[in-house]
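Chemist: I am sharing upload05.txt, which consists of compact mmCIF, C-alpha atoms and all ligand atoms:
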```txt
# COMPACT_ATOMS: atom_id res chain seq x y z
CA MET A 172 -5.71 46.76 56.02
CA ALA A 173 -5.01 48.88 52.95
CA GLY A 174 -4.49 45.86 50.71
CA LEU A 175 -7.80 44.36 51.63
CA ALA A 176 -9.47 47.73 51.16
CA LEU A 177 -8.16 47.91 47.61
CA TYR A 178 -9.16 44.34 47.07
CA GLU A 179 -12.64 45.11 48.25
CA ALA A 180 -12.90 48.16 46.02
CA LYS A 181 -11.88 46.00 43.08
CA GLU A 182 -14.38 43.35 44.01
CA LYS A 183 -17.18 45.83 44.33
CA GLY A 184 -16.27 47.04 40.89
CA ARG A 185 -17.27 49.93 38.73
CA GLY A 186 -17.98 53.36 39.99
CA ARG A 187 -15.54 53.22 42.87
CA VAL A 188 -12.68 55.63 42.95
CA VAL A 189 -9.57 54.26 44.58
CA THR A 190 -6.80 56.71 45.29
CA TYR A 191 -3.27 55.38 45.46
CA ARG A 192 -1.85 54.91 48.88
CA ALA A 193 1.69 53.94 49.72
CA GLY A 194 2.26 50.19 49.58
CA MET A 195 -0.70 49.32 47.38
CA VAL A 196 1.38 47.87 44.56
CA GLU A 197 3.31 45.73 47.02
CA MET A 198 0.08 44.53 48.62
CA ALA A 199 -1.36 43.61 45.25
CA GLU A 200 1.76 41.64 44.45
CA ARG A 201 1.65 39.88 47.81
CA ARG A 202 -1.96 38.89 47.17
CA ARG A 203 -1.13 37.57 43.72
CA VAL A 204 1.67 35.42 45.12
CA LEU A 205 -0.48 34.21 48.03
CA GLU A 206 -3.33 33.26 45.70
CA GLY A 207 -0.94 31.06 43.72
CA GLU A 208 0.42 29.45 46.88
CA LEU A 209 -3.04 28.92 48.30
CA ALA A 210 -4.03 26.78 45.33
CA ALA A 211 -1.31 24.31 46.35
CA ALA A 212 -1.76 24.63 50.13
CA VAL A 213 -4.35 21.85 50.50
CA ALA A 214 -2.24 19.28 48.65
CA ALA A 215 0.86 20.43 50.56
CA GLY A 216 -0.91 19.75 53.87
CA GLN A 217 -0.48 23.35 55.03
CA LEU A 218 -4.08 23.85 56.15
CA GLU A 219 -5.15 23.01 59.65
CA LEU A 220 -8.33 23.27 61.67
CA HIS A 221 -8.37 24.75 65.12
CA TYR A 222 -11.37 24.22 67.34
CA GLN A 223 -12.95 26.83 69.59
CA PRO A 224 -15.12 25.36 72.37
CA LEU A 225 -18.84 26.12 72.58
CA TYR A 226 -20.59 25.95 75.95
CA ASP A 227 -24.23 25.46 76.78
CA LEU A 228 -25.67 27.95 79.25
CA PRO A 229 -26.40 28.43 82.06
CA ASP A 230 -24.36 25.46 83.32
CA ARG A 231 -21.33 25.87 81.03
CA THR A 232 -21.23 22.37 79.64
CA LEU A 233 -19.06 21.77 76.61
CA CYS A 234 -21.43 21.08 73.69
CA GLY A 235 -19.30 21.52 70.58
CA PHE A 236 -16.55 23.31 68.71
CA GLU A 237 -16.36 25.81 65.89
CA ALA A 238 -13.77 24.71 63.32
CA LEU A 239 -11.54 27.62 62.33
CA LEU A 240 -9.10 27.46 59.43
CA ARG A 241 -5.40 28.17 59.81
CA TRP A 242 -2.83 28.28 57.03
CA ASN A 243 0.57 27.17 58.16
CA HIS A 244 2.49 29.19 55.58
CA PRO A 245 6.11 28.19 54.94
CA ARG A 246 7.37 31.81 55.10
CA HIS A 247 4.68 33.80 56.94
CA GLY A 248 3.91 31.31 59.70
CA ILE A 249 0.31 30.77 60.86
CA MET A 250 -2.02 32.97 58.80
CA SER A 251 -5.50 34.07 59.79
CA PRO A 252 -8.51 33.12 57.66
CA ALA A 253 -9.49 36.81 57.72
CA GLU A 254 -6.52 37.37 55.42
CA PHE A 255 -6.58 34.37 53.13
CA VAL A 256 -10.26 33.33 52.86
CA PRO A 257 -11.10 36.40 50.70
CA LEU A 258 -8.20 35.46 48.40
CA ALA A 259 -9.44 31.87 48.21
CA GLU A 260 -12.94 33.09 47.38
CA HIS A 261 -11.54 35.30 44.64
CA SER A 262 -9.40 32.59 43.05
CA GLY A 263 -11.93 29.79 43.50
CA ALA A 264 -9.52 27.80 45.72
CA ILE A 265 -12.18 28.02 48.44
CA ASN A 266 -14.01 25.13 46.76
CA GLN A 267 -11.05 22.77 47.20
CA ILE A 268 -10.36 24.11 50.66
CA GLY A 269 -14.02 23.71 51.60
CA ALA A 270 -14.07 20.12 50.35
CA TRP A 271 -11.01 19.29 52.45
CA LEU A 272 -12.49 21.07 55.47
CA ILE A 273 -15.82 19.22 55.33
CA GLU A 274 -14.00 15.90 55.15
CA GLU A 275 -11.64 16.81 58.00
CA ALA A 276 -14.34 18.25 60.28
CA CYS A 277 -16.57 15.17 59.83
CA ARG A 278 -13.66 12.79 60.39
CA GLN A 279 -12.78 14.62 63.61
CA ALA A 280 -16.37 14.93 64.85
CA ALA A 281 -16.78 11.16 64.51
CA LEU A 282 -13.83 10.70 66.90
CA TRP A 283 -15.53 12.76 69.62
CA PRO A 284 -18.51 11.70 71.75
CA SER A 285 -21.99 12.04 70.29
CA HIS A 286 -23.02 15.04 72.42
CA ILE A 287 -20.30 17.16 70.76
CA TYR A 288 -21.12 18.94 67.50
CA VAL A 289 -18.77 20.64 65.08
CA SER A 290 -19.68 23.87 63.39
CA ILE A 291 -18.09 24.80 60.06
CA ASN A 292 -17.92 28.12 58.27
CA VAL A 293 -19.10 28.02 54.71
CA SER A 294 -18.50 30.69 52.11
CA PRO A 295 -21.31 31.82 49.78
CA VAL A 296 -19.00 30.86 46.90
CA GLN A 297 -19.20 27.22 48.05
CA LEU A 298 -22.97 27.39 48.45
CA ARG A 299 -23.46 28.55 44.88
CA SER A 300 -22.38 25.13 43.65
CA ALA A 301 -24.22 21.85 44.22
CA ASP A 302 -20.92 20.16 45.17
CA ILE A 303 -21.29 21.04 48.82
CA LEU A 304 -24.34 18.80 49.23
CA ARG A 305 -22.50 15.88 47.67
CA GLN A 306 -19.41 16.54 49.80
CA VAL A 307 -21.36 16.68 53.06
CA THR A 308 -23.44 13.61 52.21
CA ALA A 309 -20.32 11.61 51.31
CA ALA A 310 -18.42 12.65 54.46
CA LEU A 311 -21.38 11.90 56.78
CA ASP A 312 -21.65 8.47 55.17
CA ARG A 313 -17.97 7.71 55.25
CA TYR A 314 -17.63 8.49 58.96
CA ARG A 315 -21.12 7.21 59.90
CA LEU A 316 -21.79 10.56 61.47
CA ALA A 317 -25.29 11.68 62.52
CA PRO A 318 -26.09 14.83 60.47
CA ARG A 319 -27.05 16.79 63.59
CA ARG A 320 -23.39 16.59 64.69
CA ILE A 321 -22.55 19.09 61.94
CA GLU A 322 -23.67 22.69 61.80
CA VAL A 323 -23.03 25.03 58.88
CA GLU A 324 -22.40 28.73 59.59
CA ILE A 325 -23.15 31.29 56.95
CA THR A 326 -23.12 35.04 57.36
CA GLU A 327 -26.43 36.81 57.14
CA THR A 328 -25.19 38.93 54.25
CA ALA A 329 -24.63 35.74 52.24
CA MET A 330 -27.93 34.31 53.35
CA VAL A 331 -29.99 37.29 52.31
CA GLU A 332 -28.13 37.62 49.02
CA ASP A 333 -30.93 36.83 46.64
CA SER A 334 -29.49 33.70 45.15
CA PRO A 335 -31.66 30.70 44.32
CA GLU A 336 -28.59 28.43 44.34
CA ILE A 337 -27.79 29.36 47.93
CA ALA A 338 -31.38 28.82 49.01
CA VAL A 339 -31.40 25.39 47.34
CA ALA A 340 -28.06 24.38 48.91
CA LEU A 341 -29.21 25.45 52.39
CA ALA A 342 -32.54 23.68 52.02
CA GLY A 343 -30.71 20.54 50.83
CA LEU A 344 -28.34 20.58 53.80
CA ARG A 345 -31.22 21.04 56.16
CA THR A 346 -33.12 18.16 54.57
CA LEU A 347 -30.07 15.99 55.25
CA GLY A 348 -30.43 16.92 58.92
CA VAL A 349 -27.44 19.26 59.07
CA ARG A 350 -28.17 22.36 61.14
CA ILE A 351 -27.88 25.87 59.74
CA ALA A 352 -26.60 28.83 61.76
CA MET A 353 -26.66 32.49 60.81
CA ASP A 354 -23.20 33.86 61.69
CA ASP A 355 -22.26 37.38 62.84
CA PHE A 356 -25.89 38.37 63.31
CA GLY A 357 -26.36 42.10 63.50
CA THR A 358 -23.45 43.11 61.28
CA GLY A 359 -24.99 42.75 57.84
CA TYR A 360 -28.07 44.02 56.10
CA SER A 361 -30.20 42.13 58.50
CA SER A 362 -33.62 42.60 59.82
CA LEU A 363 -35.55 40.58 62.32
CA ALA A 364 -37.83 39.64 59.40
CA HIS A 365 -35.04 37.46 57.99
CA LEU A 366 -35.22 35.28 61.06
CA ARG A 367 -38.67 34.24 60.00
CA ALA A 368 -37.99 34.03 56.28
CA PHE A 369 -35.11 31.52 56.58
CA GLU A 370 -35.25 28.08 58.02
CA LEU A 371 -32.64 28.48 60.68
CA ASP A 372 -31.53 26.38 63.60
CA ARG A 373 -29.29 28.94 65.27
CA ILE A 374 -28.39 32.61 65.36
CA LYS A 375 -24.87 33.58 66.37
CA ILE A 376 -25.00 37.05 67.85
CA ASP A 377 -21.97 39.01 66.69
CA ARG A 378 -19.31 39.79 69.25
CA SER A 379 -19.68 43.54 68.70
CA PHE A 380 -22.95 43.33 70.68
CA VAL A 381 -21.84 40.73 73.21
CA ASN A 382 -18.54 42.49 73.81
CA ALA A 383 -20.00 45.96 74.15
CA SER A 384 -19.89 47.54 77.54
CA GLN A 385 -22.87 46.74 79.74
CA ALA A 386 -23.43 50.49 79.81
CA ASP A 387 -24.14 50.39 76.07
CA ALA A 388 -27.92 50.21 76.28
CA GLY A 389 -28.26 49.81 72.50
CA ALA A 390 -26.10 46.67 72.38
CA VAL A 391 -27.91 45.13 75.34
CA ALA A 392 -31.25 45.88 73.68
CA VAL A 393 -30.17 44.11 70.48
CA VAL A 394 -29.10 40.98 72.38
CA ARG A 395 -32.34 41.04 74.35
CA ALA A 396 -34.50 41.44 71.23
CA VAL A 397 -32.70 38.71 69.28
CA THR A 398 -32.75 36.15 72.09
CA ALA A 399 -36.43 36.83 72.81
CA MET A 400 -37.44 36.57 69.17
CA ALA A 401 -35.30 33.47 68.60
CA LYS A 402 -36.90 31.83 71.61
CA ASP A 403 -40.38 32.48 70.24
CA LEU A 404 -39.33 31.02 66.90
CA ALA A 405 -37.64 28.01 68.59
CA ILE A 406 -34.23 28.97 67.18
CA ALA A 407 -31.10 28.43 69.31
CA THR A 408 -28.78 31.35 70.07
CA THR A 409 -25.04 31.61 70.60
CA GLY A 410 -23.36 34.70 71.98
CA GLU A 411 -19.95 35.18 70.33
CA GLY A 412 -16.83 36.85 71.67
CA VAL A 413 -17.50 36.52 75.40
CA GLU A 414 -14.46 37.95 77.13
CA SER A 415 -15.65 38.69 80.67
CA GLU A 416 -17.73 37.12 83.41
CA GLU A 417 -19.96 40.15 83.28
CA GLN A 418 -20.75 39.57 79.61
CA LEU A 419 -21.43 35.90 80.29
CA ALA A 420 -23.77 36.72 83.17
CA SER A 421 -25.63 39.15 80.94
CA LEU A 422 -26.09 36.49 78.21
CA ILE A 423 -27.42 34.05 80.79
CA ALA A 424 -29.81 36.66 82.16
CA LEU A 425 -31.10 37.35 78.66
CA GLY A 426 -31.71 33.66 78.02
CA CYS A 427 -28.98 33.02 75.46
CA GLY A 428 -28.46 29.24 75.12
CA THR A 429 -24.80 28.91 74.13
CA ALA A 430 -21.64 30.96 74.50
CA GLN A 431 -18.25 31.20 72.83
CA GLY A 432 -15.31 33.45 73.48
CA TYR A 433 -11.87 33.89 74.95
CA LEU A 434 -13.26 33.77 78.52
CA LEU A 435 -14.42 30.20 77.95
CA GLY A 436 -11.70 29.07 75.60
CA ARG A 437 -9.56 30.16 72.65
CA PRO A 438 -9.35 28.14 69.45
CA LEU A 439 -7.32 24.99 70.24
CA ASP A 440 -5.28 22.64 68.11
CA VAL A 441 -6.93 19.26 67.67
CA ASP A 442 -4.99 17.50 70.44
CA SER A 443 -5.82 20.19 73.00
CA ALA A 444 -9.48 20.11 71.91
CA THR A 445 -9.54 16.33 72.39
CA ALA A 446 -7.93 16.71 75.84
CA LEU A 447 -10.64 19.23 76.72
CA VAL A 448 -13.39 16.80 75.62
CA ARG A 449 -11.85 14.04 77.75
CA SER A 450 -11.57 16.30 80.79
CA GLN A 451 -15.27 17.10 80.53
CA GLN A 452 -16.53 13.51 80.37
CA PRO A 453 -18.71 12.59 83.34
CA GLY A 454 -16.48 11.48 86.18
CA GLN A 455 -13.41 13.14 84.64
CA ARG A 456 -13.88 16.64 85.97
CA GLY A 457 -10.94 16.17 88.34
CA ASP A 458 -8.68 16.20 85.28
CA ARG A 459 -9.59 19.73 84.42
CA ASP A 460 -6.15 21.15 85.30
CA MET A 461 -4.76 19.23 82.37
CA THR A 462 -6.32 21.56 79.87
CA GLU A 463 -6.06 24.77 81.77
CA HIS A 464 -2.94 25.85 79.95
CA ALA A 465 -4.23 25.06 76.49
CA SER A 466 -7.59 26.71 76.79
CA GLY A 467 -6.80 29.91 78.61
CA GLY A 468 -9.97 30.88 80.41
CA LEU A 469 -11.03 27.35 81.20
CA LEU A 470 -10.24 27.56 84.88
CA ALA A 471 -12.34 30.68 85.11
CA ALA A 472 -15.13 28.73 83.45
CA PHE A 473 -15.18 26.35 86.39
CA ALA A 474 -14.72 28.95 89.04
CA SER A 475 -18.40 29.49 89.69
P1 LIG A 501 -16.04 34.01 62.81
O1 LIG A 501 -16.79 32.93 62.10
O2 LIG A 501 -16.85 35.08 63.44
O3 LIG A 501 -15.14 33.25 63.85
C1 LIG A 501 -14.87 33.71 65.13
C2 LIG A 501 -13.59 34.50 65.14
O4 LIG A 501 -13.57 35.27 66.34
C3 LIG A 501 -12.35 33.62 65.18
O5 LIG A 501 -11.29 34.30 64.52
C4 LIG A 501 -12.07 33.53 66.67
O6 LIG A 501 -10.74 33.24 66.98
C5 LIG A 501 -12.45 34.94 67.11
N1 LIG A 501 -12.86 34.96 68.52
C6 LIG A 501 -13.41 33.99 69.25
N2 LIG A 501 -13.66 34.39 70.50
C7 LIG A 501 -13.26 35.67 70.58
C8 LIG A 501 -13.26 36.63 71.64
O7 LIG A 501 -13.69 36.38 72.77
N3 LIG A 501 -12.79 37.87 71.35
C9 LIG A 501 -12.30 38.18 70.12
N4 LIG A 501 -11.83 39.41 69.92
N5 LIG A 501 -12.30 37.30 69.09
C10 LIG A 501 -12.77 36.05 69.32
P2 LIG A 501 -10.52 33.63 63.32
O8 LIG A 501 -10.28 32.19 63.61
O9 LIG A 501 -9.36 34.51 63.01
O10 LIG A 501 -11.54 33.68 62.13
C11 LIG A 501 -11.89 34.88 61.53
C12 LIG A 501 -13.00 34.67 60.50
O11 LIG A 501 -12.52 33.92 59.38
C13 LIG A 501 -14.16 33.85 61.03
O12 LIG A 501 -14.98 34.67 61.81
C14 LIG A 501 -14.80 33.38 59.74
O13 LIG A 501 -15.62 34.40 59.19
C15 LIG A 501 -13.60 33.18 58.84
N6 LIG A 501 -13.29 31.75 58.80
C16 LIG A 501 -12.65 31.00 59.71
N7 LIG A 501 -12.58 29.70 59.34
C17 LIG A 501 -13.21 29.64 58.13
C18 LIG A 501 -13.50 28.58 57.24
O14 LIG A 501 -13.19 27.42 57.47
N8 LIG A 501 -14.18 28.90 56.07
C19 LIG A 501 -14.57 30.17 55.79
N9 LIG A 501 -15.23 30.38 54.65
N10 LIG A 501 -14.34 31.18 56.64
C20 LIG A 501 -13.66 30.94 57.79
CA CA A 502 -18.28 31.54 62.33
CA CA A 503 -19.03 34.89 63.98
```
Spell out the structure here as structure tokens.
Ligand code: C2E
Ligand code: CA
Ligand code: CA
Modeler:
Amino acid sequence: MAGLALYEAKEKGRGRVVTYRAGMVEMAERRRVLEGELAAAVAAGQLELHYQPLYDLPDRTLCGFEALLRWNHPRHGIMSPAEFVPLAEHSGAINQIGAWLIEEACRQAALWPSHIYVSINVSPVQLRSADILRQVTAALDRYRLAPRRIEVEITETAMVEDSPEIAVALAGLRTLGVRIAMDDFGTGYSSLAHLRAFELDRIKIDRSFVNASQADAGAVAVVRAVTAMAKDLAIATTGEGVESEEQLASLIALGCGTAQGYLLGRPLDVDSATALVRSQQPGQRGDRDMTEHASGGLLAAFAS
């Protein structure tokens, strides 16, 4: 998106030449307006969490959900976090949004059975302040939630950013018992050495590797190397963006522990996620049709 490209160039700052392209002024104006609206979105109740199911492999048991932000914008309809999270990081609104999200995710997790965990995405901007530790501690307390029910996802680029504040925040969360996952592994300035340097509970292998054609020997080699190394280091792995049975079979063969993707289920609103949890309770499997519509590939998930 041209607007985001400009935005990025601005963010990255000096020394970057940005040539004018049609629509840039309009995009800048749209961003300015959205940033203002975003500041009020939490109080206006326009933010929502959707939940994408996570399945343990090889038996495909529902083990958790990733909480994904949606902005129900009065004029633009449902907006993707890919568009508004960068704006919120820029304006600082991400701190308020993050506080709301932690509270909401913990409240919801406490309503689900204890074998279900909820994973939340955290921006490096949030991790640079000590507030996040206080927010998580308070929410766990308030909802009497076991810390292991919450996982925090942070991209590897943010993790390797040499910031003592981020290292302290992550160590603090881990001391609480909250699990830490490295998101989008393979897309940043990563190296396998980072897996040893950070105290991690999980690596989420980016969908660009999982989704690649099985004929792409390079992508398969990356997934194989990461799962093998993670296993040796006793770190869990999740394969992201699984869209076909073939990709799922490959993850299982390579020893990946958890999977996520449209094949298994799209992000669901909270009621559909709760219906899915209920349909998966022992003895309730006969109810599975109930959630077929809401979760897309669910029926396929049970086909085997
Ligand atoms: P992510 O953390 O990598 O989240 C997964 C994204 O991939 C989600 O998009 C999800 O809908 C999409 N996805 C899941 N399965 C598949 C699949 O099989 N195929 C394809 N093509 N896509 C799949 P979404 O919800 O639009 O989120 C985009 C990104 O926005 C997230 O990427 C994450 O980086 C960010 N984000 C989402 N929620 C939050 C949040 O609460 N806080 C922060 N800071 N960032 C968030
Ligand atoms: Ca994520
Ligand atoms: Ca990801």
Chemist: Identify which of the residues A:Glu414, A:Glu336, A:Glu208, A:Asp355 lies closest to ligand CA 502 (chain A), counting only C-alpha atoms and all ligand atoms when measuring atom-to-atom distances.
Modeler: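 Of A:Glu414, A:Glu336, A:Glu208, A:Asp355, the one nearest ligand CA 502 (chain A), counting only C-alpha atoms and all ligand atoms, is A:Asp355.
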Chemist: Of the candidates A:Val323, A:Val339, A:Ala309, A:Val448, which shows the shortest atom-to-atom distance to Glu237 in chain A, using only C-alpha atoms?
Modeler: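 Among A:Val323, A:Val339, A:Ala309, A:Val448, it is A:Val323 that comes nearest to Glu237 in chain A.
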Chemist: Quick one: of A:Leu363, A:Ala368, A:Ala310, A:Val413, who's nearest to Ala338 in chain A, counting only C-alpha atoms?
Modeler: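 Closest to Ala338 in chain A of all the choices is A:Ala368.
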Chemist: Would you mind listing the residues within 12 Å of ligand CA 502 (chain A), counting only C-alpha atoms and all ligand atoms, as JSON, numbers by chain?
Modeler: {"A": [222, 223, 225, 236, 237, 238, 239, 240, 252, 253, 289, 290, 291, 292, 293, 294, 322, 323, 324, 325, 326, 327, 351, 352, 353, 354, 355, 356, 373, 374, 375, 376, 377, 378, 409, 410, 411, 412, 431, 432, 438]}
Chemist: Store the residues picked out above in a file with C-alpha atoms, as a short mmCIF file (atom, residue, chain, number, x, y, z; two decimals), in the frame of the given file.
Modeler:
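The result, written out as selection-v3.cif:
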```
data_model
loop_
_atom_site.label_atom_id
_atom_site.label_comp_id
_atom_site.auth_asym_id
_atom_site.auth_seq_id
_atom_site.Cartn_x
_atom_site.Cartn_y
_atom_site.Cartn_z
CA TYR A 222 -11.37 24.22 67.34
CA GLN A 223 -12.95 26.83 69.59
CA LEU A 225 -18.84 26.12 72.58
CA PHE A 236 -16.55 23.31 68.71
CA GLU A 237 -16.36 25.81 65.89
CA ALA A 238 -13.77 24.71 63.32
CA LEU A 239 -11.54 27.62 62.33
CA LEU A 240 -9.10 27.46 59.43
CA PRO A 252 -8.51 33.12 57.66
CA ALA A 253 -9.49 36.81 57.72
CA VAL A 289 -18.77 20.64 65.08
CA SER A 290 -19.68 23.87 63.39
CA ILE A 291 -18.09 24.80 60.06
CA ASN A 292 -17.92 28.12 58.27
CA VAL A 293 -19.10 28.02 54.71
CA SER A 294 -18.50 30.69 52.11
CA GLU A 322 -23.67 22.69 61.80
CA VAL A 323 -23.03 25.03 58.88
CA GLU A 324 -22.40 28.73 59.59
CA ILE A 325 -23.15 31.29 56.95
CA THR A 326 -23.12 35.04 57.36
CA GLU A 327 -26.43 36.81 57.14
CA ILE A 351 -27.88 25.87 59.74
CA ALA A 352 -26.60 28.83 61.76
CA MET A 353 -26.66 32.49 60.81
CA ASP A 354 -23.20 33.86 61.69
CA ASP A 355 -22.26 37.38 62.84
CA PHE A 356 -25.89 38.37 63.31
CA ARG A 373 -29.29 28.94 65.27
CA ILE A 374 -28.39 32.61 65.36
CA LYS A 375 -24.87 33.58 66.37
CA ILE A 376 -25.00 37.05 67.85
CA ASP A 377 -21.97 39.01 66.69
CA ARG A 378 -19.31 39.79 69.25
CA THR A 409 -25.04 31.61 70.60
CA GLY A 410 -23.36 34.70 71.98
CA GLU A 411 -19.95 35.18 70.33
CA GLY A 412 -16.83 36.85 71.67
CA GLN A 431 -18.25 31.20 72.83
CA GLY A 432 -15.31 33.45 73.48
CA PRO A 438 -9.35 28.14 69.45
#
```
Chemist: Just want the 10 Å neighbourhood of Leu366 in chain A, counted on all atoms listed in the file, with same-chain residues fewer than 4 positions away dropped. Output as a PDB file with C-alpha atoms, in the coordinates of the input.
Modeler:
```pdb
ATOM      1  CA  GLU A 327     -26.430  36.810  57.140  1.00  0.00           C
ATOM      2  CA  MET A 353     -26.660  32.490  60.810  1.00  0.00           C
ATOM      3  CA  SER A 361     -30.200  42.130  58.500  1.00  0.00           C
ATOM      4  CA  SER A 362     -33.620  42.600  59.820  1.00  0.00           C
ATOM      5  CA  GLU A 370     -35.250  28.080  58.020  1.00  0.00           C
ATOM      6  CA  LEU A 371     -32.640  28.480  60.680  1.00  0.00           C
ATOM      7  CA  ASP A 372     -31.530  26.380  63.600  1.00  0.00           C
ATOM      8  CA  ARG A 373     -29.290  28.940  65.270  1.00  0.00           C
ATOM      9  CA  ILE A 374     -28.390  32.610  65.360  1.00  0.00           C
ATOM     10  CA  VAL A 397     -32.700  38.710  69.280  1.00  0.00           C
ATOM     11  CA  MET A 400     -37.440  36.570  69.170  1.00  0.00           C
ATOM     12  CA  ALA A 401     -35.300  33.470  68.600  1.00  0.00           C
ATOM     13  CA  LEU A 404     -39.330  31.020  66.900  1.00  0.00           C
ATOM     14  CA  ILE A 406     -34.230  28.970  67.180  1.00  0.00           C
TER      15      ILE A 406
END
```
Chemist: Please report the interatomic distance between CA of Gln418 in chain A and atom O10 of ligand LIG 501 (chain A) in Å with one decimal.
Modeler: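 Separation between CA of Gln418 in chain A and atom O10 of ligand LIG 501 (chain A): 20.6 Å.
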Chemist: Would you compute the distance between atom C10 of ligand LIG 501 (chain A) and CA of Ala405 in chain A? Give it in Å to one decimal.
Modeler: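 One can read the atom C10 of ligand LIG 501 (chain A) to CA of Ala405 in chain A distance as 26.1 Å.
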Chemist: How big is the axis-aligned box around the listed atoms of ligand LIG 501 (chain A) once 5 Å is added on each side, and where is its centre? Give both in Å to one decimal, as AutoDock Vina command-line options.
Modeler:
```
--center_x -13.1 --center_y 33.4 --center_z 63.7 --size_x 17.5 --size_y 22.0 --size_z 28.1
```
Chemist: State, in Å with one decimal place, the distance from CA of His247 in chain A to CA of Gly436 in chain A.
Modeler: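 Those two atoms sit 25.3 Å apart.
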Chemist: Please, could N, CA, C and O atoms be added to range 202-216 of chain A and the result written as a short mmCIF file (atom, residue, chain, number, x, y, z; two decimals), in the coordinates of the input?
Modeler:
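That gives us result-v7.cif:
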```cif
data_model
loop_
_atom_site.label_atom_id
_atom_site.label_comp_id
_atom_site.auth_asym_id
_atom_site.auth_seq_id
_atom_site.Cartn_x
_atom_site.Cartn_y
_atom_site.Cartn_z
N ARG A 202 -0.72 39.65 47.35
CA ARG A 202 -1.96 38.89 47.17
C ARG A 202 -1.88 37.92 46.01
O ARG A 202 -2.33 36.80 46.08
N ARG A 203 -1.24 38.41 44.90
CA ARG A 203 -1.13 37.57 43.72
C ARG A 203 -0.29 36.32 44.04
O ARG A 203 -0.66 35.20 43.71
N VAL A 204 0.81 36.54 44.75
CA VAL A 204 1.67 35.42 45.12
C VAL A 204 0.92 34.46 46.06
O VAL A 204 0.92 33.25 45.87
N LEU A 205 0.25 35.04 47.06
CA LEU A 205 -0.48 34.21 48.03
C LEU A 205 -1.56 33.38 47.36
O LEU A 205 -1.75 32.21 47.68
N GLU A 206 -2.27 33.99 46.40
CA GLU A 206 -3.33 33.26 45.70
C GLU A 206 -2.76 32.03 45.02
O GLU A 206 -3.36 30.95 45.06
N GLY A 207 -1.61 32.20 44.39
CA GLY A 207 -0.94 31.06 43.72
C GLY A 207 -0.57 29.98 44.73
O GLY A 207 -0.81 28.79 44.52
N GLU A 208 -0.02 30.41 45.86
CA GLU A 208 0.42 29.45 46.88
C GLU A 208 -0.75 28.72 47.53
O GLU A 208 -0.66 27.56 47.89
N LEU A 209 -1.84 29.47 47.65
CA LEU A 209 -3.04 28.92 48.30
C LEU A 209 -3.60 27.74 47.50
O LEU A 209 -4.08 26.76 48.08
N ALA A 210 -3.51 27.85 46.18
CA ALA A 210 -4.03 26.78 45.33
C ALA A 210 -3.34 25.46 45.65
O ALA A 210 -3.95 24.39 45.53
N ALA A 211 -2.06 25.53 46.08
CA ALA A 211 -1.31 24.31 46.35
C ALA A 211 -1.31 23.94 47.83
O ALA A 211 -0.82 22.87 48.22
N ALA A 212 -1.88 24.81 48.67
CA ALA A 212 -1.76 24.63 50.13
C ALA A 212 -2.46 23.37 50.63
O ALA A 212 -1.97 22.71 51.55
N VAL A 213 -3.61 23.03 50.03
CA VAL A 213 -4.35 21.85 50.50
C VAL A 213 -3.51 20.61 50.25
O VAL A 213 -3.25 19.82 51.18
N ALA A 214 -3.02 20.47 49.00
CA ALA A 214 -2.24 19.28 48.65
C ALA A 214 -0.95 19.22 49.47
O ALA A 214 -0.47 18.14 49.82
N ALA A 215 -0.40 20.39 49.80
CA ALA A 215 0.86 20.43 50.56
C ALA A 215 0.63 20.19 52.06
O ALA A 215 1.59 20.19 52.84
N GLY A 216 -0.62 20.02 52.46
CA GLY A 216 -0.91 19.75 53.87
C GLY A 216 -0.65 20.94 54.77
O GLY A 216 -0.35 20.79 55.95
#
```
